[in-house]
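With PDB, C-alpha atoms inside, this is data.pdb:
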```
ATOM      1  CA  GLY A   1      15.138  51.956 -37.398
ATOM      2  CA  ASN A   2      17.219  50.401 -34.665
ATOM      3  CA  SER A   3      17.292  46.634 -34.163
ATOM      4  CA  VAL A   4      19.213  43.965 -32.246
ATOM      5  CA  THR A   5      19.676  40.346 -33.275
ATOM      6  CA  GLN A   6      20.798  37.685 -30.818
ATOM      7  CA  MET A   7      21.583  34.040 -31.294
ATOM      8  CA  GLU A   8      18.673  31.804 -30.455
ATOM      9  CA  GLY A   9      18.756  29.641 -27.385
ATOM     10  CA  PRO A  10      18.746  27.801 -25.267
ATOM     11  CA  VAL A  11      22.482  27.576 -24.909
ATOM     12  CA  THR A  12      23.290  24.531 -22.805
ATOM     13  CA  LEU A  13      26.732  24.252 -21.209
ATOM     14  CA  SER A  14      28.487  22.316 -18.502
ATOM     15  CA  GLU A  15      29.955  24.178 -15.565
ATOM     16  CA  GLU A  16      33.360  25.772 -16.321
ATOM     17  CA  ALA A  17      32.735  25.786 -20.087
ATOM     18  CA  PHE A  18      33.410  28.857 -22.243
ATOM     19  CA  LEU A  19      30.416  30.982 -23.167
ATOM     20  CA  THR A  20      29.751  33.104 -26.227
ATOM     21  CA  ILE A  21      26.392  34.693 -26.993
ATOM     22  CA  ASN A  22      26.372  36.538 -30.293
ATOM     23  CA  CYS A  23      24.745  39.932 -30.709
ATOM     24  CA  THR A  24      24.657  42.180 -33.765
ATOM     25  CA  TYR A  25      22.885  45.479 -34.180
ATOM     26  CA  THR A  26      21.575  47.949 -36.711
ATOM     27  CA  ALA A  27      21.476  51.593 -35.706
ATOM     28  CA  THR A  28      21.955  55.089 -36.985
ATOM     29  CA  GLY A  29      24.785  57.036 -35.430
ATOM     30  CA  TYR A  30      26.801  55.702 -32.530
ATOM     31  CA  PRO A  31      24.619  53.944 -29.960
ATOM     32  CA  SER A  32      25.518  52.712 -26.505
ATOM     33  CA  LEU A  33      25.360  48.927 -26.122
ATOM     34  CA  PHE A  34      24.249  46.904 -23.123
ATOM     35  CA  TRP A  35      23.871  43.375 -21.858
ATOM     36  CA  TYR A  36      21.081  42.788 -19.355
ATOM     37  CA  VAL A  37      20.407  39.560 -17.433
ATOM     38  CA  GLN A  38      17.035  38.313 -16.237
ATOM     39  CA  TYR A  39      16.707  35.590 -13.621
ATOM     40  CA  PRO A  40      13.439  33.627 -13.461
ATOM     41  CA  GLY A  41      10.530  35.725 -12.251
ATOM     42  CA  GLU A  42      12.619  38.876 -11.887
ATOM     43  CA  GLY A  43      13.201  42.151 -13.687
ATOM     44  CA  LEU A  44      16.251  42.962 -15.771
ATOM     45  CA  GLN A  45      19.643  43.756 -14.269
ATOM     46  CA  LEU A  46      22.385  45.559 -16.129
ATOM     47  CA  LEU A  47      25.336  43.213 -16.615
ATOM     48  CA  LEU A  48      27.717  45.455 -18.579
ATOM     49  CA  LYS A  49      27.790  48.286 -21.069
ATOM     50  CA  ALA A  50      29.981  50.046 -23.651
ATOM     51  CA  THR A  51      29.393  53.557 -24.902
ATOM     52  CA  LYS A  52      31.778  53.871 -27.847
ATOM     53  CA  ALA A  53      33.618  51.798 -30.426
ATOM     54  CA  ASP A  54      36.361  49.490 -29.106
ATOM     55  CA  ASP A  55      35.186  49.907 -25.506
ATOM     56  CA  LYS A  56      35.137  46.686 -23.501
ATOM     57  CA  GLY A  57      32.479  46.289 -20.849
ATOM     58  CA  SER A  58      33.109  43.765 -18.094
ATOM     59  CA  ASN A  59      31.438  42.554 -14.912
ATOM     60  CA  LYS A  60      31.361  39.324 -12.858
ATOM     61  CA  GLY A  61      33.690  37.578 -15.329
ATOM     62  CA  PHE A  62      31.545  38.517 -18.344
ATOM     63  CA  GLU A  63      32.884  40.799 -21.032
ATOM     64  CA  ALA A  64      31.854  42.230 -24.389
ATOM     65  CA  THR A  65      33.650  44.500 -26.853
ATOM     66  CA  TYR A  66      31.893  47.153 -28.946
ATOM     67  CA  ARG A  67      32.910  46.371 -32.544
ATOM     68  CA  LYS A  68      31.715  49.098 -34.884
ATOM     69  CA  GLU A  69      33.214  47.517 -38.015
ATOM     70  CA  THR A  70      31.167  44.342 -37.521
ATOM     71  CA  THR A  71      28.278  46.026 -35.628
ATOM     72  CA  SER A  72      28.629  43.411 -32.917
ATOM     73  CA  PHE A  73      28.696  43.169 -29.118
ATOM     74  CA  HIS A  74      29.196  39.479 -28.329
ATOM     75  CA  LEU A  75      29.019  38.371 -24.700
ATOM     76  CA  GLU A  76      31.743  36.056 -23.397
ATOM     77  CA  LYS A  77      32.724  34.350 -20.163
ATOM     78  CA  GLY A  78      35.672  32.061 -19.706
ATOM     79  CA  SER A  79      34.141  29.694 -17.143
ATOM     80  CA  VAL A  80      30.406  29.603 -16.505
ATOM     81  CA  GLN A  81      28.764  28.595 -13.248
ATOM     82  CA  VAL A  82      25.374  27.035 -12.536
ATOM     83  CA  SER A  83      24.342  30.372 -11.023
ATOM     84  CA  ASP A  84      24.817  32.040 -14.440
ATOM     85  CA  SER A  85      21.717  30.239 -15.740
ATOM     86  CA  ALA A  86      19.390  33.024 -16.853
ATOM     87  CA  VAL A  87      18.146  34.867 -19.930
ATOM     88  CA  TYR A  88      20.570  37.380 -21.428
ATOM     89  CA  PHE A  89      19.396  40.389 -23.449
ATOM     90  CA  CYS A  90      21.497  42.524 -25.734
ATOM     91  CA  ALA A  91      20.232  46.091 -26.135
ATOM     92  CA  LEU A  92      21.149  49.416 -27.660
ATOM     93  CA  SER A  93      20.354  53.019 -26.863
ATOM     94  CA  ALA A  94      20.823  56.094 -28.979
ATOM     95  CA  ASN A  95      23.287  58.571 -27.473
ATOM     96  CA  SER A  96      20.915  61.414 -28.068
ATOM     97  CA  GLY A  97      17.291  62.130 -27.444
ATOM     98  CA  TYR A  98      15.556  60.148 -24.739
ATOM     99  CA  SER A  99      17.620  56.942 -24.621
ATOM    100  CA  THR A 100      14.948  54.421 -25.505
ATOM    101  CA  LEU A 101      16.312  50.885 -25.293
ATOM    102  CA  THR A 102      15.876  48.474 -28.175
ATOM    103  CA  PHE A 103      16.216  44.865 -27.035
ATOM    104  CA  GLY A 104      17.007  41.609 -28.741
ATOM    105  CA  LYS A 105      14.741  38.639 -28.115
ATOM    106  CA  GLY A 106      16.979  37.199 -25.424
ATOM    107  CA  THR A 107      19.094  34.051 -25.157
ATOM    108  CA  MET A 108      18.468  31.522 -22.429
ATOM    109  CA  LEU A 109      21.578  30.031 -20.851
ATOM    110  CA  LEU A 110      21.350  26.732 -18.985
ATOM    111  CA  VAL A 111      24.436  25.576 -17.074
ATOM    112  CA  SER A 112      24.531  22.075 -15.632
ATOM    113  CA  PRO A 113      26.849  20.860 -12.844
TER     114      PRO A 113
ATOM    115  CA  GLU B   1      21.053  50.756  -2.956
ATOM    116  CA  ALA B   2      18.069  52.591  -4.458
ATOM    117  CA  GLU B   3      15.671  50.472  -6.487
ATOM    118  CA  VAL B   4      12.678  50.879  -8.741
ATOM    119  CA  ALA B   5       9.566  49.687  -6.921
ATOM    120  CA  GLN B   6       6.571  48.095  -8.636
ATOM    121  CA  SER B   7       3.300  46.712  -7.380
ATOM    122  CA  PRO B   8       1.614  44.359  -7.457
ATOM    123  CA  ARG B   9       4.144  41.666  -8.338
ATOM    124  CA  TYR B  10       1.444  39.370  -9.662
ATOM    125  CA  LYS B  11      -2.060  40.067 -10.914
ATOM    126  CA  ILE B  12      -4.726  37.716 -12.221
ATOM    127  CA  THR B  13      -7.762  39.318 -13.783
ATOM    128  CA  GLU B  14     -10.643  38.290 -15.961
ATOM    129  CA  LYS B  15     -11.080  39.424 -19.521
ATOM    130  CA  SER B  16     -12.891  42.789 -19.800
ATOM    131  CA  GLN B  17     -11.920  43.879 -16.281
ATOM    132  CA  ALA B  18      -9.786  46.913 -15.473
ATOM    133  CA  VAL B  19      -6.294  46.548 -14.030
ATOM    134  CA  ALA B  20      -3.680  49.036 -12.842
ATOM    135  CA  PHE B  21       0.024  48.831 -12.123
ATOM    136  CA  TRP B  22       2.122  51.208 -10.060
ATOM    137  CA  CYS B  23       5.780  52.202 -10.351
ATOM    138  CA  ASP B  24       8.011  54.329  -8.125
ATOM    139  CA  PRO B  25      11.318  55.133  -9.857
ATOM    140  CA  ILE B  26      14.661  55.792  -8.210
ATOM    141  CA  SER B  27      14.617  59.177  -6.513
ATOM    142  CA  GLY B  28      15.768  61.944  -8.814
ATOM    143  CA  HIS B  29      15.382  59.977 -12.028
ATOM    144  CA  ALA B  30      13.624  62.208 -14.530
ATOM    145  CA  THR B  31      12.868  59.602 -17.166
ATOM    146  CA  LEU B  32      10.471  56.722 -16.589
ATOM    147  CA  TYR B  33       9.627  53.892 -18.962
ATOM    148  CA  TRP B  34       6.925  51.239 -19.112
ATOM    149  CA  TYR B  35       7.742  48.091 -21.081
ATOM    150  CA  ARG B  36       5.717  45.007 -21.928
ATOM    151  CA  GLN B  37       7.541  41.685 -22.100
ATOM    152  CA  ILE B  38       5.707  38.773 -23.655
ATOM    153  CA  LEU B  39       6.994  35.374 -22.577
ATOM    154  CA  GLY B  40      10.070  34.418 -24.593
ATOM    155  CA  GLN B  41      10.569  37.908 -26.024
ATOM    156  CA  GLY B  42      12.535  41.010 -25.184
ATOM    157  CA  PRO B  43      10.840  43.994 -23.544
ATOM    158  CA  GLU B  44       9.063  46.438 -25.848
ATOM    159  CA  LEU B  45       8.512  50.068 -24.937
ATOM    160  CA  LEU B  46       4.936  51.115 -24.245
ATOM    161  CA  VAL B  47       5.412  54.658 -22.990
ATOM    162  CA  GLN B  48       8.200  56.992 -21.910
ATOM    163  CA  PHE B  49       7.925  59.989 -19.591
ATOM    164  CA  GLN B  50      10.297  62.875 -19.124
ATOM    165  CA  ASP B  51       9.249  64.327 -15.768
ATOM    166  CA  GLU B  52       5.449  64.475 -16.045
ATOM    167  CA  SER B  53       5.318  64.685 -19.844
ATOM    168  CA  VAL B  54       4.860  61.814 -22.277
ATOM    169  CA  VAL B  55       7.676  61.860 -24.847
ATOM    170  CA  ASP B  56       6.898  58.585 -26.624
ATOM    171  CA  ASP B  57       3.673  56.596 -26.552
ATOM    172  CA  SER B  58       3.692  55.500 -30.166
ATOM    173  CA  GLN B  59       3.449  51.791 -29.208
ATOM    174  CA  LEU B  60       0.806  52.222 -26.508
ATOM    175  CA  PRO B  61      -2.603  50.765 -27.529
ATOM    176  CA  LYS B  62      -4.452  53.914 -26.584
ATOM    177  CA  ASP B  63      -7.915  52.442 -27.001
ATOM    178  CA  ARG B  64      -7.379  50.384 -23.835
ATOM    179  CA  PHE B  65      -4.110  51.484 -22.223
ATOM    180  CA  SER B  66      -3.414  54.709 -20.371
ATOM    181  CA  ALA B  67      -0.451  55.949 -18.368
ATOM    182  CA  GLU B  68       0.138  58.931 -16.148
ATOM    183  CA  ARG B  69       2.878  60.458 -14.064
ATOM    184  CA  LEU B  70       1.069  63.410 -12.571
ATOM    185  CA  LYS B  71       3.773  64.894 -10.329
ATOM    186  CA  GLY B  72       6.730  63.622 -12.277
ATOM    187  CA  VAL B  73       7.551  60.992  -9.667
ATOM    188  CA  ASP B  74       5.561  57.749  -9.500
ATOM    189  CA  SER B  75       3.480  56.436 -12.357
ATOM    190  CA  THR B  76       0.408  54.312 -13.025
ATOM    191  CA  LEU B  77      -0.307  52.162 -16.075
ATOM    192  CA  LYS B  78      -3.920  51.118 -16.615
ATOM    193  CA  ILE B  79      -5.594  48.621 -18.914
ATOM    194  CA  GLN B  80      -9.346  48.782 -19.486
ATOM    195  CA  PRO B  81     -10.703  46.426 -20.614
ATOM    196  CA  ALA B  82      -8.096  43.705 -20.317
ATOM    197  CA  GLU B  83      -7.835  41.150 -23.123
ATOM    198  CA  LEU B  84      -6.303  37.686 -23.153
ATOM    199  CA  GLY B  85      -3.411  38.958 -25.273
ATOM    200  CA  ASP B  86      -2.411  41.403 -22.543
ATOM    201  CA  SER B  87      -0.995  38.574 -20.445
ATOM    202  CA  ALA B  88       2.668  39.518 -20.047
ATOM    203  CA  MET B  89       5.246  40.963 -17.676
ATOM    204  CA  TYR B  90       4.985  44.729 -17.311
ATOM    205  CA  LEU B  91       8.318  46.315 -16.457
ATOM    206  CA  CYS B  92       9.041  49.803 -15.232
ATOM    207  CA  ALA B  93      12.466  51.406 -15.600
ATOM    208  CA  SER B  94      14.021  54.767 -14.812
ATOM    209  CA  THR B  95      17.135  56.675 -15.737
ATOM    210  CA  PRO B  96      18.745  60.040 -15.001
ATOM    211  CA  ARG B  97      18.034  62.836 -17.421
ATOM    212  CA  ALA B  98      21.106  62.540 -19.657
ATOM    213  CA  PRO B  99      20.949  60.275 -22.722
ATOM    214  CA  GLY B 100      23.063  57.135 -22.866
ATOM    215  CA  TYR B 101      22.665  56.196 -19.193
ATOM    216  CA  GLU B 102      21.650  52.662 -18.383
ATOM    217  CA  GLN B 103      18.077  52.050 -17.349
ATOM    218  CA  TYR B 104      17.318  50.610 -13.932
ATOM    219  CA  PHE B 105      14.468  48.100 -13.931
ATOM    220  CA  GLY B 106      11.938  47.185 -11.298
ATOM    221  CA  PRO B 107      10.952  43.557 -10.569
ATOM    222  CA  GLY B 108       7.941  43.748 -12.872
ATOM    223  CA  THR B 109       4.267  42.870 -12.591
ATOM    224  CA  ARG B 110       3.236  39.522 -14.030
ATOM    225  CA  LEU B 111      -0.289  39.897 -15.470
ATOM    226  CA  THR B 112      -2.430  36.901 -16.321
ATOM    227  CA  VAL B 113      -5.767  37.529 -18.045
ATOM    228  CA  THR B 114      -8.244  34.645 -17.903
TER     229      THR B 114
END
```

Show this structure as structure tokens.
Amino acid sequence: GNSVTQMEGPVTLSEEAFLTINCTYTATGYPSLFWYVQYPGEGLQLLLKATKADDKGSNKGFEATYRKETTSFHLEKGSVQVSDSAVYFCALSANSGYSTLTFGKGTMLLVSP
Amino acid sequence: EAEVAQSPRYKITEKSQAVAFWCDPISGHATLYWYRQILGQGPELLVQFQDESVVDDSQLPKDRFSAERLKGVDSTLKIQPAELGDSAMYLCASTPRAPGYEQYFGPGTRLTVT
């Protein structure tokens, strides 16, 4: 079956530091890959996505590249802000059928001033 | 911008009581999902609807949970009787019909069972 593995948190950084959150996946076929962000007490918001190998998703300074050879979709940002503190979820969806999302366990990011 | 609506946002109930959650997806979205998110974990699918039909409820504890989407628009998730282990965030999401589209999530209902 499909699965997603994320690095465990919390990840603690100072403002303006470089961020990497690792994500690897196991799936049959060629899934779409997503990063969602969840702020305290809120639902999930889509941060970025990639639908095929070598695609780069980007949004709000975050980016991730779909690497089929390493089955990875690592999230990066060059300079984090305090407002980026949240929980980040990597997820995949089959590109056929009914698009059920399979999530990783989430990685909490804490950014201090 | 259209959003997925959920209510209530917070619910506290006693063990063995019944509880219900409501979700109104983005207009025109054919597929609706209910997820359960235990604190510190990622969301896990409970049930998926395509229009008014259930297409996946393999992870729904059917002895106590039920879900319906009678007219293919809004949906209700019910728990009866609630157990302490049901304390979690219940998230609703919707997506257009085609596969591979991102899911749009509502704000969730935080359930606490005492």

Near Thr112 (chain B), within 7 Å and counting only C-alpha atoms, which residues show up once chain neighbours fewer than 5 positions away are dropped, as a PyMOL selection string? chain B and resi 11-13+87-88

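For the structure shown here, the set of residues caught by the PyMOL selection byres ((chain B and resi 40) around 12) is A:Glu8, A:Gly9, A:Pro10, A:Gln38, A:Pro40, A:Val87, A:Tyr88, A:Phe89, A:Gly104, A:Lys105, A:Gly106, A:Thr107, A:Met108, B:Arg36, B:Gln37, B:Ile38, B:Leu39, B:Gln41, B:Gly42, B:Pro43, B:Ala88, B:Met89.
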
Do you have, as CSV, the list of residues of chain A lying at most 10 Å from chain B, each with its nearest atom pair and that distance in Å to one decimal, counting all atoms listed in the file and ordered by chain then number?
```
residue,atom,partner,partner_atom,distance
A:Pro31,CA,B:Gly100,CA,7.9
A:Ser32,CA,B:Gly100,CA,6.2
A:Leu33,CA,B:Gly100,CA,9.1
A:Phe34,CA,B:Glu102,CA,7.9
A:Tyr36,CA,B:Glu102,CA,9.9
A:Gln38,CA,B:Pro107,CA,9.8
A:Gly41,CA,B:Pro107,CA,8.0
A:Glu42,CA,B:Pro107,CA,5.1
A:Gly43,CA,B:Pro107,CA,4.1
A:Leu44,CA,B:Phe105,CA,5.7
A:Gln45,CA,B:Phe105,CA,6.8
A:Leu46,CA,B:Tyr104,CA,7.5
A:Leu48,CA,B:Glu102,CA,9.4
A:Lys49,CA,B:Glu102,CA,8.0
A:Ala50,CA,B:Gly100,CA,9.9
A:Thr51,CA,B:Gly100,CA,7.6
A:Val87,CA,B:Gly40,CA,9.3
A:Tyr88,CA,B:Gly42,CA,9.6
A:Phe89,CA,B:Gly42,CA,7.1
A:Cys90,CA,B:Gly42,CA,9.1
A:Ala91,CA,B:Gly42,CA,9.3
A:Leu92,CA,B:Gly100,CA,9.3
A:Ser93,CA,B:Gly100,CA,6.3
A:Ala94,CA,B:Gly100,CA,6.6
A:Asn95,CA,B:Gly100,CA,4.8
A:Ser96,CA,B:Pro99,CA,5.5
A:Gly97,CA,B:Pro99,CA,6.3
A:Tyr98,CA,B:Pro99,CA,5.8
A:Ser99,CA,B:Pro99,CA,5.1
A:Thr100,CA,B:Leu45,CA,7.8
A:Leu101,CA,B:Leu45,CA,7.9
A:Thr102,CA,B:Glu44,CA,7.5
A:Phe103,CA,B:Gly42,CA,5.6
A:Gly104,CA,B:Gly42,CA,5.7
A:Lys105,CA,B:Gly42,CA,4.4
A:Gly106,CA,B:Gly42,CA,5.9
A:Thr107,CA,B:Gly40,CA,9.0
A:Met108,CA,B:Gly40,CA,9.1
```

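Running the PyMOL selection byres ((chain A and resi 68) around 10) on this file leaves Thr24, Tyr25, Tyr30, Pro31, Lys52, Ala53, Asp54, Thr65, Tyr66, Arg67, Glu69, Thr70, Thr71, Ser72 and Phe73 of chain A selected.
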
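A straight line drawn from CA of His74 (chain A) to CA of Leu32 (chain B) is 28.0 Å long.
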
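A straight line drawn from CA of Ser14 (chain A) to CA of Ser79 (chain A) is 9.4 Å long.
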
Determine the residue membership of the PyMOL selection byres ((chain B and resi 63) around 10) for the file above and supply it as a list in words. Leu60, Pro61, Lys62, Arg64, Phe65, Ser66, Ile79, Gln80 and Pro81 of chain B

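The interatomic distance for the pair CA of Leu13 (chain A) and CA of Leu110 (chain A) works out to 6.3 Å.
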
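Look at Phe21 (chain B): the protein and nucleic acid residues within 9 Å of it, using all atoms listed in the file and passing over chain neighbours fewer than 4 places away, are Gln6, Ser7, Pro8, Ser75, Thr76, Leu77, Lys78, Ile79, Tyr90 and Thr109 of chain B.
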
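You can rank A:Ser85, A:Ser58, A:Ser3, A:Ser112 by their closest distance to Ala27 (chain A) using all atoms listed in the file, and at the top of that list sits A:Ser3.
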
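Distances here use only C-alpha atoms; by that measure, the residue among B:Ser53, B:Ser58, B:Ala5, B:Leu46 closest to Ser27 (chain B) is B:Ala5.
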
Quick one: what's the axis-aligned box for region 70-73 of chain B, all listed atoms, 5 Å on every side, centre and edges in Å to one decimal, as JSON?
```
{"center_x": 4.3, "center_y": 62.9, "center_z": -11.1, "size_x": 16.5, "size_y": 13.9, "size_z": 12.9}
```

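Minimum atom-to-atom distance to His29 (chain B), evaluated using all atoms listed in the file, belongs to B:Asp74 out of B:Glu68, B:Asp74, B:Glu14, B:Asp57.
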
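Compared by their closest atoms to Met7 (chain A), and using only C-alpha atoms, the residues A:Leu47, A:Ala86, A:Val111, A:Leu75 rank with A:Leu75 nearest.
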